[in-house]
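The next block holds one structure in the form of structure tokens; read it before the comments.
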Amino acid sequence: MKVLLLIALIGTLLYLFWRRFSMTGPQTTLSKIRRPNTFLPVESCKSVIMQATSGTLWTVISGFVLLILILIIGIKIKVLWILLPLSLYLIGQLFVYTNHVRTAKDQQIFYDPKTGEVLVDYIKKTGFAFNIKHDVVSVNEVRSIQKNKGIVFGYYKLNTKNGVVILPYLLEQNKSEANNLFFQQIHTHKRAVETKLFAII
């Protein structure tokens, strides 16, 4: 029975890794918004995604190993069952990772540093434009308490006059010139900061 359970867990782990971590390929969507050449893309990069993947992979594997130890040894040493919530929490980082990578890939953001104009384009819904200097109503920042080898999952929620845009930390962690200028402008706004166990978007 224990052997079958271990096989099932390992099989599930491999399937989840194949499904979730295969999302790290390059973004292939094309922007539908017509824009002047003065607009710069605000996007993540392969190195940031790979660092997030590596850190999350390590965290999730640790969670699964802990879960297996609890299931095997916990029958004799009951006190180990108090570690079950920690194990499930570590495994749950996989879904936080998926959520943030998907959000970063399902949208394209373009920024004109001179005028402050921002164009937001989505794969599955209508995009919109706003001015980051004049049209931002409020900014909320949500961050996770868990670090995955230096990577913290979190996001900014910009409430603007024309719509709401979500900006995962995966964008800010790409230190390109456009990204730096864009997030410097965001930091000029007063932010309500919240820390969550799972920073799900």
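Simple scheme: letters A, B, ... for chains in structure tokens order, numbers from 1 for residues in each chain, numbers from 1 for ligands in the order shown.
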Would you list the contacts of Asn179 of chain A as a PyMOL selection string, taking every protein, DNA or RNA residue within 8 Å and counting only C-alpha atoms, but skipping same-chain residues closer than 5 positions in sequence?
chain A and resi 41-43+171-172+174
Could you save those same residues with C-alpha atoms as a PDB file, in the first residue's frame?
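After the write, selection-v3.pdb holds the following:
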ATOM      1  CA  PRO A  41       7.828  47.081 -23.632  1.00  0.00           C
ATOM      2  CA  VAL A  42       7.542  46.407 -19.910  1.00  0.00           C
ATOM      3  CA  GLU A  43       8.049  42.660 -19.637  1.00  0.00           C
ATOM      4  CA  LEU A 171       8.073  42.277 -14.360  1.00  0.00           C
ATOM      5  CA  GLU A 172       9.826  44.445 -11.781  1.00  0.00           C
ATOM      6  CA  ASN A 174      13.624  42.346 -14.896  1.00  0.00           C
TER       7      ASN A 174
END
Separation of atom CA of Val60 of chain A and atom CA of Glu194 of chain A, in Å?
23.9 Å
So that I can check the surroundings of Leu66 of chain A, please list as an MDAnalysis selection string every protein, DNA and RNA residue that reaches within 10 Å of it, counting only C-alpha atoms and ignoring chain neighbours fewer than 6 positions away.
chainID A and resid 60 72 80 83:84 86:88 90:91
What lies within 6 Å of Ala199 of chain A using only C-alpha atoms, ignoring chain neighbours under 2 positions off, as an mmCIF file with N, CA and C atoms, in the first residue's frame?
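Dumped everything to out-v1.cif:
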data_model
loop_
_atom_site.group_PDB
_atom_site.id
_atom_site.type_symbol
_atom_site.label_atom_id
_atom_site.label_comp_id
_atom_site.auth_asym_id
_atom_site.auth_seq_id
_atom_site.Cartn_x
_atom_site.Cartn_y
_atom_site.Cartn_z
ATOM 1 N N ARG A 143 2.285 40.985 -1.374
ATOM 2 C CA ARG A 143 3.483 40.163 -1.475
ATOM 3 C C ARG A 143 3.339 38.910 -0.628
ATOM 4 N N SER A 144 4.020 37.859 -1.059
ATOM 5 C CA SER A 144 3.998 36.595 -0.334
ATOM 6 C C SER A 144 5.016 36.613 0.789
ATOM 7 N N GLY A 154 4.769 38.387 -5.731
ATOM 8 C CA GLY A 154 3.899 39.471 -5.312
ATOM 9 C C GLY A 154 3.438 40.228 -6.538
ATOM 10 N N LYS A 196 0.547 38.259 2.253
ATOM 11 C CA LYS A 196 -0.351 37.101 2.293
ATOM 12 C C LYS A 196 0.443 35.803 2.302
#
List the spatial neighbours of segment 163-170 of chain A as a list of chain:residue names - criterion: any atom at most 6 Å away, only C-alpha atoms, same-chain residues fewer than 6 positions off excluded.
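Selected residues are A:Ser44, A:Gly154, A:Tyr155, A:Tyr156, A:Lys157.
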12 Å contact set for His189 of chain A, only C-alpha atoms, chain neighbours under 5 positions out, as a PyMOL selection string:
chain A and resi 132-141+156-159+182-184
Preceding selection exported with N, CA and C atoms as a PDB file, in the first residue's frame:
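What ended up in out.pdb:
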ATOM      1  N   ILE A 132       0.158  57.054 -16.469  1.00  0.00           N
ATOM      2  CA  ILE A 132       0.590  56.624 -15.139  1.00  0.00           C
ATOM      3  C   ILE A 132       0.802  57.809 -14.197  1.00  0.00           C
ATOM      4  N   LYS A 133       0.936  59.010 -14.749  1.00  0.00           N
ATOM      5  CA  LYS A 133       1.143  60.194 -13.921  1.00  0.00           C
ATOM      6  C   LYS A 133      -0.171  60.807 -13.443  1.00  0.00           C
ATOM      7  N   HIS A 134      -1.235  60.666 -14.269  1.00  0.00           N
ATOM      8  CA  HIS A 134      -2.468  61.393 -13.975  1.00  0.00           C
ATOM      9  C   HIS A 134      -3.694  60.500 -13.738  1.00  0.00           C
ATOM     10  N   ASP A 135      -3.683  59.263 -14.247  1.00  0.00           N
ATOM     11  CA  ASP A 135      -4.900  58.447 -14.242  1.00  0.00           C
ATOM     12  C   ASP A 135      -4.935  57.359 -13.183  1.00  0.00           C
ATOM     13  N   VAL A 136      -3.902  57.260 -12.361  1.00  0.00           N
ATOM     14  CA  VAL A 136      -3.865  56.223 -11.327  1.00  0.00           C
ATOM     15  C   VAL A 136      -4.660  56.699 -10.109  1.00  0.00           C
ATOM     16  N   VAL A 137      -5.701  55.934  -9.766  1.00  0.00           N
ATOM     17  CA  VAL A 137      -6.560  56.270  -8.629  1.00  0.00           C
ATOM     18  C   VAL A 137      -5.962  55.755  -7.325  1.00  0.00           C
ATOM     19  N   SER A 138      -5.497  54.499  -7.344  1.00  0.00           N
ATOM     20  CA  SER A 138      -4.888  53.906  -6.152  1.00  0.00           C
ATOM     21  C   SER A 138      -3.976  52.758  -6.569  1.00  0.00           C
ATOM     22  N   VAL A 139      -3.042  52.426  -5.682  1.00  0.00           N
ATOM     23  CA  VAL A 139      -2.106  51.325  -5.932  1.00  0.00           C
ATOM     24  C   VAL A 139      -2.093  50.412  -4.712  1.00  0.00           C
ATOM     25  N   ASN A 140      -2.343  49.137  -4.947  1.00  0.00           N
ATOM     26  CA  ASN A 140      -2.248  48.131  -3.884  1.00  0.00           C
ATOM     27  C   ASN A 140      -1.087  47.208  -4.199  1.00  0.00           C
ATOM     28  N   GLU A 141      -0.326  46.862  -3.186  1.00  0.00           N
ATOM     29  CA  GLU A 141       0.788  45.935  -3.355  1.00  0.00           C
ATOM     30  C   GLU A 141       0.570  44.735  -2.448  1.00  0.00           C
ATOM     31  N   TYR A 156       1.572  44.260  -8.026  1.00  0.00           N
ATOM     32  CA  TYR A 156       0.959  45.570  -7.851  1.00  0.00           C
ATOM     33  C   TYR A 156      -0.394  45.559  -8.555  1.00  0.00           C
ATOM     34  N   LYS A 157      -1.377  46.139  -7.931  1.00  0.00           N
ATOM     35  CA  LYS A 157      -2.691  46.301  -8.543  1.00  0.00           C
ATOM     36  C   LYS A 157      -2.941  47.791  -8.725  1.00  0.00           C
ATOM     37  N   LEU A 158      -2.923  48.221  -9.993  1.00  0.00           N
ATOM     38  CA  LEU A 158      -3.137  49.630 -10.292  1.00  0.00           C
ATOM     39  C   LEU A 158      -4.598  49.857 -10.663  1.00  0.00           C
ATOM     40  N   ASN A 159      -5.281  50.628  -9.862  1.00  0.00           N
ATOM     41  CA  ASN A 159      -6.647  51.028 -10.186  1.00  0.00           C
ATOM     42  C   ASN A 159      -6.579  52.371 -10.905  1.00  0.00           C
ATOM     43  N   PHE A 182       9.511  52.550 -15.493  1.00  0.00           N
ATOM     44  CA  PHE A 182       8.082  52.314 -15.251  1.00  0.00           C
ATOM     45  C   PHE A 182       7.793  52.130 -13.768  1.00  0.00           C
ATOM     46  N   PHE A 183       8.573  51.281 -13.103  1.00  0.00           N
ATOM     47  CA  PHE A 183       8.311  51.003 -11.686  1.00  0.00           C
ATOM     48  C   PHE A 183       8.767  52.137 -10.776  1.00  0.00           C
ATOM     49  N   GLN A 184       9.731  52.937 -11.226  1.00  0.00           N
ATOM     50  CA  GLN A 184      10.070  54.137 -10.470  1.00  0.00           C
ATOM     51  C   GLN A 184       8.866  55.073 -10.410  1.00  0.00           C
TER      52      GLN A 184
END
Quick one: distance from atom CA of Ser62 of chain A to atom CA of Leu197 of chain A in Å, one decimal?
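The value is 17.5 Å.
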Using only C-alpha atoms, which residue out of A:Gln93, A:Gln185, A:Ser176, A:Gln51 lies closest to Gly116 of chain A?
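Checking each candidate against Gly116 of chain A, we get A:Gln185 as the closest.
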Atom CA of Thr126 of chain A to atom CA of Thr98 of chain A, distance in Å rounded to a single decimal
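Atom CA of Thr98 of chain A lies 22.6 Å from atom CA of Thr126 of chain A.
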Nearest-residue call for Thr160 of chain A, choices A:Met50, A:Ile109, A:Val65, A:Val118, using only C-alpha atoms:
A:Val118
I'd like to know which residues of segment 34-135 of chain A are helix (DSSP H, G or I) (by DSSP, run on the backbone); could you write them as a VMD selection string?
chain A and resid 46 to 73 78 to 105
Go through A:Tyr122, A:Ile151, A:Phe130, A:Asn37 and flag the residue nearest Gln173 of chain A, using only C-alpha atoms for the distances.
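Among the listed residues, A:Ile151 lies closest to Gln173 of chain A.
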